[in-house]
Amino acid sequence: MSDHKPTGIKRWLFTTNHKDIGTLYLWFAFTMFLVGGAMAMIIRAELMQPGMQVVDPLFFNSMTTMHGLIMVFGAVMPAMVGFANWMVPMMIGAPDMALPRMNNWSFWILPFAGTMLVSTLFMEGGGPAFGWTFYAPLSTTFAPKSTDFFIFAVHMLGFSSIMGAINIIATILNMRAPGMTLMKMPLFVWTWLITAFLLIAVMPVLAGAVTMMLTDRNFGTSFFSAAGGGDPVLFQHVFWFFGHPEVYIMILPAFGIVSQIIPTFARKQLFGYASMVYATAAIAFLSFIVWAHHMFTVGMPVAAELYFTYATVMIAVPTAVKVFNWTATMWKGAMTFETPMLWAVAFVFLFTIGGFTGLMLGVAPADFQYHDTYFVVAHFHYVLVTGAVFAIIAGVYYWLPKWTGNMYDEKLGKLHFWLSTISVNVLFFPQHFLGLAGMPRRIPDYAIQFAEFNFMSSLGGFAFGLSQLLFLFIVIKCIKGGEKATDKVWDNPEGLEWTVPSPAPYHTFETAPQIK
Amino acid sequence: MSTGNNSQLESNQRVTRFLLVVVVVMFCFGFALAPMYEALCKAFGINGRFVEIEQGVYDADKAMQQVKADRDRQVTVQFTASRNQNLQWEFRPMETSVVVYPGEVREVKYYAKNLTGKTVVAQAVPSVSPGQAAKYFNKIECFCFTQQTFKPGEAKEMPLRFVVDGKLPKKISTLTLAYTFFDTDQAGTKSKAQVDTVLRVAHNAK
């Protein structure tokens with residue numbers, strides 16, 4: 001009975017199995033990653049040379065908007081939920097998620113929301129072109145009709161995330177194997193518990209923001225219209241009250257993945273487990289009280305600028321604790337550099353670069369200079385691409401043998417790593433210089449003094465994009481076959497997921513293990 | 001699937017119920033940010049919002065007696081006007097800029113003409129830049145205090161009397177007063193809340 005499951009399309013449509021749903025999430029995320037990536041290629045093609053050559057400005061603006069939305073809501077977040085589905089029950093010794101039917105529903109909303117979002121590009125007047133932050137009044141008074149579909153897509157994505165988060169919290173709080181106290185949970189489980197609470201707290205606020213947009217656009221309210229007694233700056237406050245925790249929603253699970261991988265390949269226990277947990281919680285708390293650093297230039301009183309500067313810079317403390325702990329875990333470890341470890345080490349190094357530029361942006365008077373330039377673009381791509389996306393790729397390589405029962409091709413994996421890591425730096429590092437020299441973001445053309453760095457950046461972009469097709473090939477090759485993986489896969493890794501056979505059977509831990 | 005016993009099911013339901021309540025509360029909180037934002041802006045006199053405590057302090061006679069012009073410094077006051085995009089109007093200040101002494105009572109006029117073929121009731125909404133200066137700009141008499149009725153094609157010169165408070169911070173030497181005019185009937189057919197908001201803003205501006 002243990003491996004009984006429906007076959008064909010029905011298996012995937014009706015499944016309540018956490019592993020199936022995890023797989024669905026990960027494939028959806030990868031598909032959206034390629035779609036969003038294709039849009040990035042269009043952006044880089046247009047910016048390869050000064051002047052207008054590939055697309056018209058409106059379409060360019062739609063591309064920057066949709067690229068951001070798809071990567072945030074379609075790629076990174078679903079990929080992290082996919083990991084949670086696959087790994088959380090296996091890591092805490094639970095047979096499945098706490099609410100399996102809702103789990104099915106929260107996934108199957110996604111393809112519809114994603115399709116609706118992408119379909120706006122083909123509507124009259126074009127897709128949303130106001131940037132992924134959809135500031136009013138651009139997104140209310142001056143937006144195309146398709147914006148209403150965008151709003152519904154965001155509502156659906158929000159429903160999906162909220163249901164996923166409820167499920168993850170219920171699973172972690174109620175379904176841990178006997179003896180698995182909270183402070184014995186693997187760090188990935190901890191980071192996801194905290195992330196899920198962030199989701200519960202801020203996704204409804206985003207839903208509120210887009211609902212206000214909807215009524216402003218169609219039902220005569222004036223939340224964001226000064227003429228009717230509202231205020232467009234209010235939109236920015238509401239948006240970033242959601243938006244800042246959102247960036248931690250994307251990065252905290254990445255911290256968790258890396259905290260699983262580094263101890264395995266350093267052959268040491270994670271340094272400072274408890275401080276990692278407290279640092280994660282501290283980052284989550286601080287994320288709620290720093291939102292206005294995204295909008296220093298709206299004209300705040302000096303006192304507010306000071307407050308948001310200090311609060312923002314304070315986040316560096318718990319983040320530094322984490323970076324210190326990862327480094328200390330590697331210190332004097334018997335390190336080997338299999339593919340997952342390469343990605344994890346690159347994560348620590350490159351994410352820290354993104355963290356430092358974040359500090360620069362967090363200081364109000366400096367931010368006036370950097371605001372809305374390519375410096376900001378470079379900053380958040382370092383934390384999101386070489387941060388969140390690198391951690392996701394590291395996690396895929398780390399657990400792929402457990403999922404498929406086969407080892408991936410180590411040579412190709414390393415090739416994928418080096419191609420990606422070199423090209424991603426060619427892609428994003430010059431953007432720091434462009435931004436500091438004053439090149440604004442979200443503009444399809446630029447002054448000719450920016451030409452060389454943009455050319456470099458575009459070449460890096462194309463190389464990075466193509467490298468990810470290699471990733472697709474490696475994953476498919478691994479699913480089709482390869483060297484059989486052992487149950488432990490790696491050299492003495494820690495965690496319950498390594499006590500089950502490879503590939504992990506359809507049902508695991510139907511009798512809960514005892515944790516000593 | 002028999003994943004657990006009844007107590008597990010119960011605790012799952014309890015957690016889910018609690019989290020759903022949090023979701024609903026946070027959704028409402030998103031909307032509550034709007035009035036909270038307005039209240040905070042008013043309390044601190046930021047972002048061009050007017051401060052309520054000024055209400056009633058400057059009725060015309062009292063203002064005339066109390067204020068003594070500060071002849072040591074001058075402040076430039078600029079005037080702009082804009083229409084809500086649906087409104088077919090001519091609307092402009094008759095002087096775009098005046099130089100005043102703090103404490104001095106000045107009168108300027110705005111010109112408005114209804115270009116439509118029907119009677120329109122319009123409401124002007126004021127805003128002062130820089131935002132920190134809003135609480136030092138006192139309007140003694142203003143066409144924005146009440147709704148203005150315009151017959152088809154009717155034109156009016158509308159007075160505005162104001163005093164710049166002597167407590168205006170020294171670093172501010174230029175103020176800009178912006179008016180947006182919009183059609184209350186049109187708003188009324190859309191939403192009563194909008195009109196209420198407008199009236200509240202106008203009221204607080206007194």
# chains A, B, ... in the order shown; residues from 1 in each chain; ligands from 1
>>> interface_residues(of="chain A", to="chain B", cutoff="7 Å", atoms="only C-alpha atoms", output="MDAnalysis selection string")
chainID A and resid 95 98 166 170 174 200:201 204:205 207:209 219:222 227:229 234 238
>>> write_last_selection(atoms="all heavy atoms", output="compact mmCIF listing (two decimals), in the first residue's frame")
# COMPACT_ATOMS: atom_id res chain seq x y z
N PRO A 95 4.87 12.39 8.46
CA PRO A 95 4.50 11.64 7.26
C PRO A 95 4.10 12.54 6.08
O PRO A 95 4.23 12.15 4.93
CB PRO A 95 3.31 10.80 7.71
CG PRO A 95 2.76 11.53 8.89
CD PRO A 95 3.91 12.22 9.55
N ALA A 98 0.64 19.14 7.28
CA ALA A 98 -0.50 19.06 8.19
C ALA A 98 -1.82 19.15 7.44
O ALA A 98 -2.80 18.53 7.84
CB ALA A 98 -0.41 20.19 9.22
N ILE A 166 0.33 28.93 6.13
CA ILE A 166 -0.45 28.32 7.21
C ILE A 166 -0.09 26.85 7.33
O ILE A 166 0.13 26.32 8.42
CB ILE A 166 -1.97 28.49 6.93
CG1 ILE A 166 -2.36 29.97 7.08
CG2 ILE A 166 -2.80 27.60 7.85
CD1 ILE A 166 -3.81 30.25 6.74
N ALA A 170 1.54 25.03 10.61
CA ALA A 170 0.82 23.94 11.28
C ALA A 170 1.67 22.68 11.28
O ALA A 170 1.73 21.96 12.29
CB ALA A 170 -0.52 23.69 10.57
N ASN A 174 2.93 21.20 14.86
CA ASN A 174 2.15 20.06 15.35
C ASN A 174 2.69 18.69 14.96
O ASN A 174 2.27 17.69 15.53
CB ASN A 174 0.72 20.15 14.81
CG ASN A 174 -0.02 21.33 15.38
OD1 ASN A 174 0.35 21.83 16.43
ND2 ASN A 174 -1.04 21.79 14.68
N ILE A 200 2.39 35.38 6.59
CA ILE A 200 1.06 35.58 7.16
C ILE A 200 0.85 37.05 7.51
O ILE A 200 -0.24 37.60 7.37
CB ILE A 200 0.92 34.75 8.46
CG1 ILE A 200 1.06 33.27 8.15
CG2 ILE A 200 -0.38 35.06 9.18
CD1 ILE A 200 -0.17 32.62 7.69
N ALA A 201 1.91 37.71 7.96
CA ALA A 201 1.76 39.09 8.41
C ALA A 201 1.69 40.07 7.25
O ALA A 201 0.98 41.06 7.34
CB ALA A 201 2.91 39.46 9.34
N PRO A 204 -1.32 39.71 3.45
CA PRO A 204 -2.62 40.40 3.51
C PRO A 204 -2.49 41.91 3.31
O PRO A 204 -3.39 42.54 2.77
CB PRO A 204 -3.13 40.07 4.92
CG PRO A 204 -2.42 38.84 5.32
CD PRO A 204 -1.07 38.94 4.69
N VAL A 205 -1.38 42.50 3.74
CA VAL A 205 -1.20 43.93 3.54
C VAL A 205 -1.03 44.24 2.05
O VAL A 205 -1.59 45.21 1.53
CB VAL A 205 0.02 44.45 4.35
CG1 VAL A 205 0.25 45.93 4.07
CG2 VAL A 205 -0.21 44.23 5.83
N ALA A 207 -2.33 42.40 -0.29
CA ALA A 207 -3.68 42.22 -0.83
C ALA A 207 -4.48 43.50 -0.60
O ALA A 207 -5.22 43.95 -1.49
CB ALA A 207 -4.36 41.04 -0.17
N GLY A 208 -4.31 44.12 0.58
CA GLY A 208 -5.00 45.38 0.86
C GLY A 208 -4.56 46.47 -0.10
O GLY A 208 -5.38 47.21 -0.64
N ALA A 209 -3.24 46.55 -0.36
CA ALA A 209 -2.72 47.59 -1.25
C ALA A 209 -3.30 47.47 -2.65
O ALA A 209 -3.75 48.45 -3.24
CB ALA A 209 -1.20 47.53 -1.30
N PHE A 219 -13.77 52.18 -8.71
CA PHE A 219 -14.95 52.46 -7.91
C PHE A 219 -14.91 53.82 -7.24
O PHE A 219 -15.60 54.06 -6.25
CB PHE A 219 -15.15 51.35 -6.87
CG PHE A 219 -15.24 49.99 -7.49
CD1 PHE A 219 -14.23 49.07 -7.33
CD2 PHE A 219 -16.33 49.66 -8.30
CE1 PHE A 219 -14.29 47.83 -7.94
CE2 PHE A 219 -16.41 48.43 -8.90
CZ PHE A 219 -15.39 47.50 -8.73
N GLY A 220 -14.09 54.74 -7.78
CA GLY A 220 -14.17 56.12 -7.35
C GLY A 220 -13.61 56.45 -5.98
O GLY A 220 -13.84 57.53 -5.46
N THR A 221 -12.88 55.53 -5.34
CA THR A 221 -12.23 55.91 -4.08
C THR A 221 -10.96 56.71 -4.41
O THR A 221 -10.54 56.78 -5.55
CB THR A 221 -11.85 54.68 -3.25
OG1 THR A 221 -10.97 53.89 -4.04
CG2 THR A 221 -13.07 53.90 -2.87
N SER A 222 -10.38 57.32 -3.38
CA SER A 222 -9.20 58.15 -3.61
C SER A 222 -8.13 57.88 -2.57
O SER A 222 -7.59 58.80 -1.99
CB SER A 222 -9.56 59.63 -3.56
OG SER A 222 -10.52 59.90 -4.53
N ALA A 227 -6.21 64.56 -5.36
CA ALA A 227 -7.37 65.36 -5.70
C ALA A 227 -8.57 64.98 -4.86
O ALA A 227 -9.44 65.80 -4.59
CB ALA A 227 -7.69 65.21 -7.18
N GLY A 228 -8.64 63.72 -4.43
CA GLY A 228 -9.78 63.28 -3.64
C GLY A 228 -9.47 63.18 -2.17
O GLY A 228 -10.18 62.54 -1.42
N GLY A 229 -8.36 63.79 -1.73
CA GLY A 229 -8.03 63.77 -0.31
C GLY A 229 -7.10 62.64 0.08
O GLY A 229 -6.77 62.48 1.24
N LEU A 234 1.15 57.51 0.41
CA LEU A 234 0.57 56.44 1.22
C LEU A 234 0.80 55.09 0.56
O LEU A 234 1.09 54.10 1.22
CB LEU A 234 -0.92 56.68 1.44
CG LEU A 234 -1.69 55.54 2.10
CD1 LEU A 234 -1.24 55.32 3.53
CD2 LEU A 234 -3.19 55.79 2.05
N VAL A 238 2.36 51.70 2.28
CA VAL A 238 1.67 50.41 2.38
C VAL A 238 2.47 49.35 1.62
O VAL A 238 2.70 48.24 2.11
CB VAL A 238 0.23 50.50 1.81
CG1 VAL A 238 -0.46 49.15 1.93
CG2 VAL A 238 -0.57 51.56 2.54
>>> residues_around(residues="Thr119 in chain B", least_positions_apart="2", cutoff="8 Å", atoms="only C-alpha atoms", output="PyMOL selection string")
chain B and resi 116-117+121+149-152
>>> atom_distance(atom1="CA of Thr76 in chain B", atom2="CA of Tyr110 in chain B")
17.3 Å
>>> closest_residue(among="A:Gly256, A:Gly481, A:Pro501, A:Pro440", to="Ala394 in chain A", atoms="only C-alpha atoms")
A:Gly256
>>> residues_around(residues="Asp96 in chain A", least_positions_apart="4", cutoff="12 Å", atoms="only C-alpha atoms", output="short mmCIF file (atom, residue, chain, number, x, y, z; two decimals) with all heavy atoms, in the first residue's frame")
data_model
loop_
_atom_site.label_atom_id
_atom_site.label_comp_id
_atom_site.auth_asym_id
_atom_site.auth_seq_id
_atom_site.Cartn_x
_atom_site.Cartn_y
_atom_site.Cartn_z
N THR A 15 -3.00 15.24 -6.37
CA THR A 15 -2.10 14.76 -5.34
C THR A 15 -2.20 15.57 -4.05
O THR A 15 -2.42 16.78 -4.07
CB THR A 15 -0.65 14.79 -5.83
OG1 THR A 15 0.18 14.20 -4.84
CG2 THR A 15 -0.17 16.21 -6.10
N THR A 16 -2.08 14.84 -2.93
CA THR A 16 -1.97 15.53 -1.65
C THR A 16 -0.64 15.16 -1.00
O THR A 16 -0.41 15.42 0.18
CB THR A 16 -3.11 15.12 -0.70
OG1 THR A 16 -3.11 13.70 -0.60
CG2 THR A 16 -4.44 15.62 -1.19
N ASN A 17 0.22 14.55 -1.78
CA ASN A 17 1.51 14.08 -1.26
C ASN A 17 2.52 15.22 -1.26
O ASN A 17 2.71 15.90 -2.27
CB ASN A 17 2.00 12.93 -2.15
CG ASN A 17 3.33 12.39 -1.70
OD1 ASN A 17 4.36 13.05 -1.86
ND2 ASN A 17 3.31 11.21 -1.11
N HIS A 18 3.18 15.42 -0.13
CA HIS A 18 4.06 16.59 -0.02
C HIS A 18 5.21 16.54 -1.00
O HIS A 18 5.68 17.56 -1.47
CB HIS A 18 4.58 16.73 1.42
CG HIS A 18 5.62 15.73 1.82
ND1 HIS A 18 6.95 16.03 1.83
CD2 HIS A 18 5.51 14.43 2.20
CE1 HIS A 18 7.65 14.95 2.22
NE2 HIS A 18 6.78 13.98 2.46
N LYS A 19 5.65 15.32 -1.36
CA LYS A 19 6.79 15.23 -2.29
C LYS A 19 6.34 15.59 -3.70
O LYS A 19 7.02 16.35 -4.41
CB LYS A 19 7.38 13.83 -2.26
CG LYS A 19 7.90 13.44 -0.87
CD LYS A 19 8.59 12.10 -0.89
CE LYS A 19 9.03 11.69 0.50
NZ LYS A 19 7.92 11.17 1.34
N ASP A 20 5.16 15.08 -4.11
CA ASP A 20 4.62 15.45 -5.42
C ASP A 20 4.43 16.95 -5.51
O ASP A 20 4.79 17.58 -6.51
CB ASP A 20 3.26 14.77 -5.64
CG ASP A 20 3.42 13.32 -6.07
OD1 ASP A 20 4.58 12.91 -6.30
OD2 ASP A 20 2.40 12.62 -6.18
N ILE A 21 3.83 17.52 -4.46
CA ILE A 21 3.54 18.96 -4.51
C ILE A 21 4.83 19.76 -4.50
O ILE A 21 4.96 20.76 -5.21
CB ILE A 21 2.59 19.35 -3.36
CG1 ILE A 21 1.22 18.68 -3.59
CG2 ILE A 21 2.43 20.86 -3.27
CD1 ILE A 21 0.24 18.85 -2.48
N GLY A 22 5.81 19.28 -3.74
CA GLY A 22 7.11 19.94 -3.75
C GLY A 22 7.71 19.94 -5.15
O GLY A 22 8.22 20.95 -5.65
N ALA A 84 10.29 23.65 0.99
CA ALA A 84 9.62 23.43 2.26
C ALA A 84 8.75 22.18 2.18
O ALA A 84 8.74 21.35 3.09
CB ALA A 84 8.77 24.65 2.63
N ASN A 85 8.02 22.02 1.07
CA ASN A 85 7.15 20.86 0.92
C ASN A 85 7.94 19.57 0.91
O ASN A 85 7.59 18.61 1.59
CB ASN A 85 6.36 20.98 -0.38
CG ASN A 85 4.98 21.54 -0.11
OD1 ASN A 85 4.13 20.87 0.45
ND2 ASN A 85 4.77 22.78 -0.48
N TRP A 86 9.00 19.55 0.13
CA TRP A 86 9.81 18.34 0.06
C TRP A 86 10.48 18.05 1.40
O TRP A 86 10.45 16.93 1.90
CB TRP A 86 10.89 18.50 -1.01
CG TRP A 86 10.64 17.68 -2.23
CD1 TRP A 86 10.19 18.12 -3.43
CD2 TRP A 86 10.86 16.27 -2.37
NE1 TRP A 86 10.10 17.08 -4.31
CE2 TRP A 86 10.50 15.93 -3.69
CE3 TRP A 86 11.30 15.26 -1.52
CZ2 TRP A 86 10.57 14.63 -4.18
CZ3 TRP A 86 11.38 13.95 -2.00
CH2 TRP A 86 11.01 13.65 -3.33
N MET A 87 11.13 19.05 1.96
CA MET A 87 12.10 18.79 3.02
C MET A 87 11.55 18.90 4.44
O MET A 87 11.98 18.16 5.32
CB MET A 87 13.32 19.69 2.87
CG MET A 87 14.05 19.56 1.55
SD MET A 87 14.22 17.86 0.93
CE MET A 87 15.19 17.10 2.22
N VAL A 88 10.62 19.85 4.69
CA VAL A 88 10.21 20.06 6.08
C VAL A 88 9.64 18.77 6.71
O VAL A 88 10.11 18.36 7.78
CB VAL A 88 9.25 21.26 6.21
CG1 VAL A 88 8.57 21.27 7.57
CG2 VAL A 88 10.01 22.56 6.00
N PRO A 89 8.67 18.09 6.06
CA PRO A 89 8.18 16.85 6.71
C PRO A 89 9.29 15.82 6.90
O PRO A 89 9.37 15.17 7.95
CB PRO A 89 7.13 16.33 5.71
CG PRO A 89 6.70 17.53 4.95
CD PRO A 89 7.92 18.40 4.84
N MET A 90 10.19 15.69 5.92
CA MET A 90 11.26 14.71 6.05
C MET A 90 12.27 15.11 7.12
O MET A 90 12.91 14.25 7.73
CB MET A 90 11.95 14.51 4.70
CG MET A 90 11.24 13.46 3.86
SD MET A 90 11.67 13.45 2.13
CE MET A 90 13.41 13.17 2.15
N MET A 91 12.43 16.39 7.34
CA MET A 91 13.42 16.84 8.33
C MET A 91 12.89 16.74 9.75
O MET A 91 13.68 16.67 10.69
CB MET A 91 13.81 18.28 8.05
CG MET A 91 14.75 18.44 6.87
SD MET A 91 15.04 20.19 6.59
CE MET A 91 16.61 20.12 5.74
N ILE A 92 11.55 16.81 9.92
CA ILE A 92 11.02 16.76 11.28
C ILE A 92 10.38 15.41 11.58
O ILE A 92 9.75 15.22 12.61
CB ILE A 92 10.00 17.90 11.54
CG1 ILE A 92 8.80 17.79 10.62
CG2 ILE A 92 10.68 19.26 11.41
CD1 ILE A 92 7.69 18.77 10.93
N PRO A 100 -2.95 18.49 3.85
CA PRO A 100 -2.55 18.08 2.50
C PRO A 100 -3.47 18.58 1.39
O PRO A 100 -3.00 18.92 0.31
CB PRO A 100 -2.59 16.56 2.57
CG PRO A 100 -2.76 16.20 3.99
CD PRO A 100 -3.29 17.39 4.71
N ARG A 101 -4.77 18.65 1.66
CA ARG A 101 -5.66 19.10 0.59
C ARG A 101 -5.46 20.58 0.28
O ARG A 101 -5.44 21.00 -0.87
CB ARG A 101 -7.12 18.85 0.97
CG ARG A 101 -7.53 17.49 0.60
CD ARG A 101 -8.97 17.19 0.86
NE ARG A 101 -9.10 15.74 1.01
CZ ARG A 101 -9.02 14.91 -0.02
NH1 ARG A 101 -8.86 15.38 -1.24
NH2 ARG A 101 -9.12 13.62 0.16
N ASN A 103 -2.81 22.04 0.65
CA ASN A 103 -1.51 22.07 -0.01
C ASN A 103 -1.68 21.96 -1.52
O ASN A 103 -1.09 22.72 -2.29
CB ASN A 103 -0.67 20.91 0.52
CG ASN A 103 0.81 21.16 0.40
OD1 ASN A 103 1.21 22.30 0.13
ND2 ASN A 103 1.60 20.14 0.57
N ASN A 167 0.00 26.20 6.18
CA ASN A 167 0.31 24.78 6.16
C ASN A 167 1.68 24.50 6.78
O ASN A 167 1.84 23.56 7.58
CB ASN A 167 0.32 24.33 4.70
CG ASN A 167 -0.11 22.89 4.56
OD1 ASN A 167 -0.09 22.15 5.53
ND2 ASN A 167 -0.51 22.52 3.36
N ILE A 168 2.65 25.31 6.43
CA ILE A 168 4.01 25.08 6.93
C ILE A 168 4.05 25.31 8.44
O ILE A 168 4.65 24.52 9.18
CB ILE A 168 5.00 25.99 6.18
CG1 ILE A 168 5.18 25.47 4.76
CG2 ILE A 168 6.34 26.04 6.91
CD1 ILE A 168 5.82 26.46 3.81
N ALA A 170 1.54 25.03 10.61
CA ALA A 170 0.82 23.94 11.28
C ALA A 170 1.67 22.68 11.28
O ALA A 170 1.73 21.96 12.29
CB ALA A 170 -0.52 23.69 10.57
N THR A 171 2.35 22.41 10.17
CA THR A 171 3.20 21.22 10.10
C THR A 171 4.32 21.28 11.13
O THR A 171 4.55 20.33 11.88
CB THR A 171 3.82 21.09 8.69
OG1 THR A 171 2.78 21.14 7.72
CG2 THR A 171 4.59 19.79 8.55
N ILE A 172 5.00 22.41 11.17
CA ILE A 172 6.17 22.51 12.05
C ILE A 172 5.73 22.50 13.52
O ILE A 172 6.38 21.89 14.37
CB ILE A 172 7.00 23.76 11.72
CG1 ILE A 172 7.55 23.66 10.29
CG2 ILE A 172 8.14 23.93 12.71
CD1 ILE A 172 8.26 24.91 9.80
N ASN A 174 2.93 21.20 14.86
CA ASN A 174 2.15 20.06 15.35
C ASN A 174 2.69 18.69 14.96
O ASN A 174 2.27 17.69 15.53
CB ASN A 174 0.72 20.15 14.81
CG ASN A 174 -0.02 21.33 15.38
OD1 ASN A 174 0.35 21.83 16.43
ND2 ASN A 174 -1.04 21.79 14.68
N MET A 175 3.53 18.59 13.96
CA MET A 175 3.81 17.27 13.39
C MET A 175 5.25 16.80 13.63
O MET A 175 5.71 15.88 12.98
CB MET A 175 3.51 17.28 11.89
CG MET A 175 2.19 17.91 11.55
SD MET A 175 0.94 16.85 10.86
CE MET A 175 1.72 15.77 9.75
N ARG A 176 5.98 17.47 14.51
CA ARG A 176 7.36 17.04 14.74
C ARG A 176 7.38 15.67 15.43
O ARG A 176 6.52 15.38 16.26
CB ARG A 176 8.10 18.07 15.60
CG ARG A 176 8.22 19.43 14.95
CD ARG A 176 9.20 20.30 15.70
NE ARG A 176 8.93 20.37 17.13
CZ ARG A 176 8.02 21.17 17.68
NH1 ARG A 176 7.29 21.97 16.92
NH2 ARG A 176 7.84 21.17 18.98
N ALA A 177 8.37 14.87 15.06
CA ALA A 177 8.52 13.55 15.69
C ALA A 177 8.77 13.73 17.18
O ALA A 177 9.30 14.75 17.60
CB ALA A 177 9.69 12.80 15.04
N TYR A 506 7.58 7.13 -1.61
CA TYR A 506 6.43 8.04 -1.72
C TYR A 506 5.91 8.44 -0.35
O TYR A 506 5.51 9.57 -0.13
CB TYR A 506 5.32 7.34 -2.52
CG TYR A 506 4.31 8.27 -3.14
CD1 TYR A 506 4.72 9.27 -4.02
CD2 TYR A 506 2.96 8.14 -2.86
CE1 TYR A 506 3.80 10.12 -4.61
CE2 TYR A 506 2.02 8.98 -3.44
CZ TYR A 506 2.45 9.97 -4.32
OH TYR A 506 1.53 10.81 -4.91
N HIS A 507 5.90 7.49 0.57
CA HIS A 507 5.50 7.81 1.94
C HIS A 507 6.67 7.55 2.88
O HIS A 507 7.26 6.49 2.85
CB HIS A 507 4.31 6.96 2.39
CG HIS A 507 3.10 7.21 1.56
ND1 HIS A 507 2.44 8.41 1.56
CD2 HIS A 507 2.44 6.42 0.67
CE1 HIS A 507 1.41 8.35 0.73
NE2 HIS A 507 1.40 7.17 0.16
N THR A 508 7.00 8.53 3.69
CA THR A 508 8.09 8.36 4.65
C THR A 508 7.58 8.67 6.05
O THR A 508 6.64 9.45 6.21
CB THR A 508 9.27 9.30 4.33
OG1 THR A 508 8.75 10.57 3.96
CG2 THR A 508 10.13 8.75 3.22
N PHE A 509 8.22 8.10 7.03
CA PHE A 509 7.93 8.37 8.44
C PHE A 509 6.45 8.18 8.79
O PHE A 509 5.86 9.01 9.47
CB PHE A 509 8.38 9.78 8.85
CG PHE A 509 9.87 9.97 8.72
CD1 PHE A 509 10.40 10.97 7.92
CD2 PHE A 509 10.74 9.15 9.42
CE1 PHE A 509 11.76 11.15 7.80
CE2 PHE A 509 12.12 9.32 9.30
CZ PHE A 509 12.63 10.33 8.49
N GLU A 510 5.85 7.07 8.28
CA GLU A 510 4.46 6.82 8.68
C GLU A 510 4.42 6.45 10.14
O GLU A 510 3.43 6.70 10.82
CB GLU A 510 3.86 5.74 7.79
CG GLU A 510 3.82 6.23 6.35
CD GLU A 510 2.77 5.58 5.53
OE1 GLU A 510 2.97 4.40 5.18
OE2 GLU A 510 1.75 6.21 5.24
N THR A 511 5.49 5.83 10.63
CA THR A 511 5.68 5.75 12.09
C THR A 511 6.78 6.74 12.42
O THR A 511 7.84 6.73 11.81
CB THR A 511 6.15 4.34 12.54
OG1 THR A 511 6.44 3.59 11.38
CG2 THR A 511 5.16 3.70 13.45
N ALA A 512 6.47 7.60 13.37
CA ALA A 512 7.41 8.68 13.67
C ALA A 512 8.69 8.12 14.28
O ALA A 512 8.64 7.21 15.10
CB ALA A 512 6.76 9.66 14.63
N MET B 1 -6.25 10.00 3.95
CA MET B 1 -4.97 9.63 4.58
C MET B 1 -5.08 9.71 6.09
O MET B 1 -5.60 10.67 6.63
CB MET B 1 -3.89 10.61 4.10
CG MET B 1 -2.76 9.89 3.41
SD MET B 1 -1.66 11.06 2.66
CE MET B 1 -0.40 11.15 3.90
N SER B 2 -4.59 8.68 6.73
CA SER B 2 -4.66 8.70 8.19
C SER B 2 -3.33 9.19 8.75
O SER B 2 -2.47 8.42 9.10
CB SER B 2 -4.99 7.31 8.72
OG SER B 2 -3.98 6.44 8.26
N THR B 3 -3.16 10.48 8.76
CA THR B 3 -1.85 11.00 9.14
C THR B 3 -1.73 11.20 10.64
O THR B 3 -0.65 11.45 11.13
CB THR B 3 -1.58 12.35 8.47
OG1 THR B 3 -2.68 13.22 8.76
CG2 THR B 3 -1.41 12.21 7.00
N GLY B 4 -2.83 11.15 11.33
CA GLY B 4 -2.65 11.39 12.77
C GLY B 4 -3.91 11.08 13.53
O GLY B 4 -4.94 10.76 12.96
#
>>> residues_around(residues="Val389 in chain A", least_positions_apart="4", cutoff="12 Å", atoms="only C-alpha atoms", output="PyMOL selection string")
chain A and resi 29-30+33+71-72+75-80+250-251+253-255+257-258+343-344+346-347+350-351+380-385+393-396+420-421+424+468
>>> residues_around(residues="range 259-270 of chain A", least_positions_apart="5", cutoff="8 Å", atoms="only C-alpha atoms", output="list in words")
Pro186, Leu187, Phe188, Asn325, Trp326, Thr329, Met330, Gly333, Ala334, Met335, Thr336, Phe337, Glu338, Pro340, Met341, Ala344, Val345, Gly395, Tyr398, Trp490, Asp491, Asn492, Pro493 and Glu494 of chain A
>>> residues_around(residues="Gly82 in chain A", least_positions_apart="5", cutoff="7 Å", atoms="only C-alpha atoms", output="ChimeraX atom specification")
/A:22-23,25-26
>>> write_last_selection(atoms="N, CA, C and O atoms", output="short mmCIF file (atom, residue, chain, number, x, y, z; two decimals), in the first residue's frame")
data_model
loop_
_atom_site.label_atom_id
_atom_site.label_comp_id
_atom_site.auth_asym_id
_atom_site.auth_seq_id
_atom_site.Cartn_x
_atom_site.Cartn_y
_atom_site.Cartn_z
N GLY A 22 5.81 19.28 -3.74
CA GLY A 22 7.11 19.94 -3.75
C GLY A 22 7.71 19.94 -5.15
O GLY A 22 8.22 20.95 -5.65
N THR A 23 7.61 18.78 -5.83
CA THR A 23 8.13 18.68 -7.19
C THR A 23 7.40 19.65 -8.12
O THR A 23 8.03 20.35 -8.93
N TYR A 25 5.87 22.45 -7.33
CA TYR A 25 6.32 23.80 -7.02
C TYR A 25 7.67 24.10 -7.69
O TYR A 25 7.88 25.14 -8.29
N LEU A 26 8.59 23.13 -7.57
CA LEU A 26 9.94 23.38 -8.10
C LEU A 26 9.93 23.48 -9.62
O LEU A 26 10.59 24.35 -10.20
#
>>> residues_around(residues="Phe143 in chain B", least_positions_apart="4", cutoff="8 Å", atoms="only C-alpha atoms", output="PyMOL selection string")
chain B and resi 124+147-148+158-160
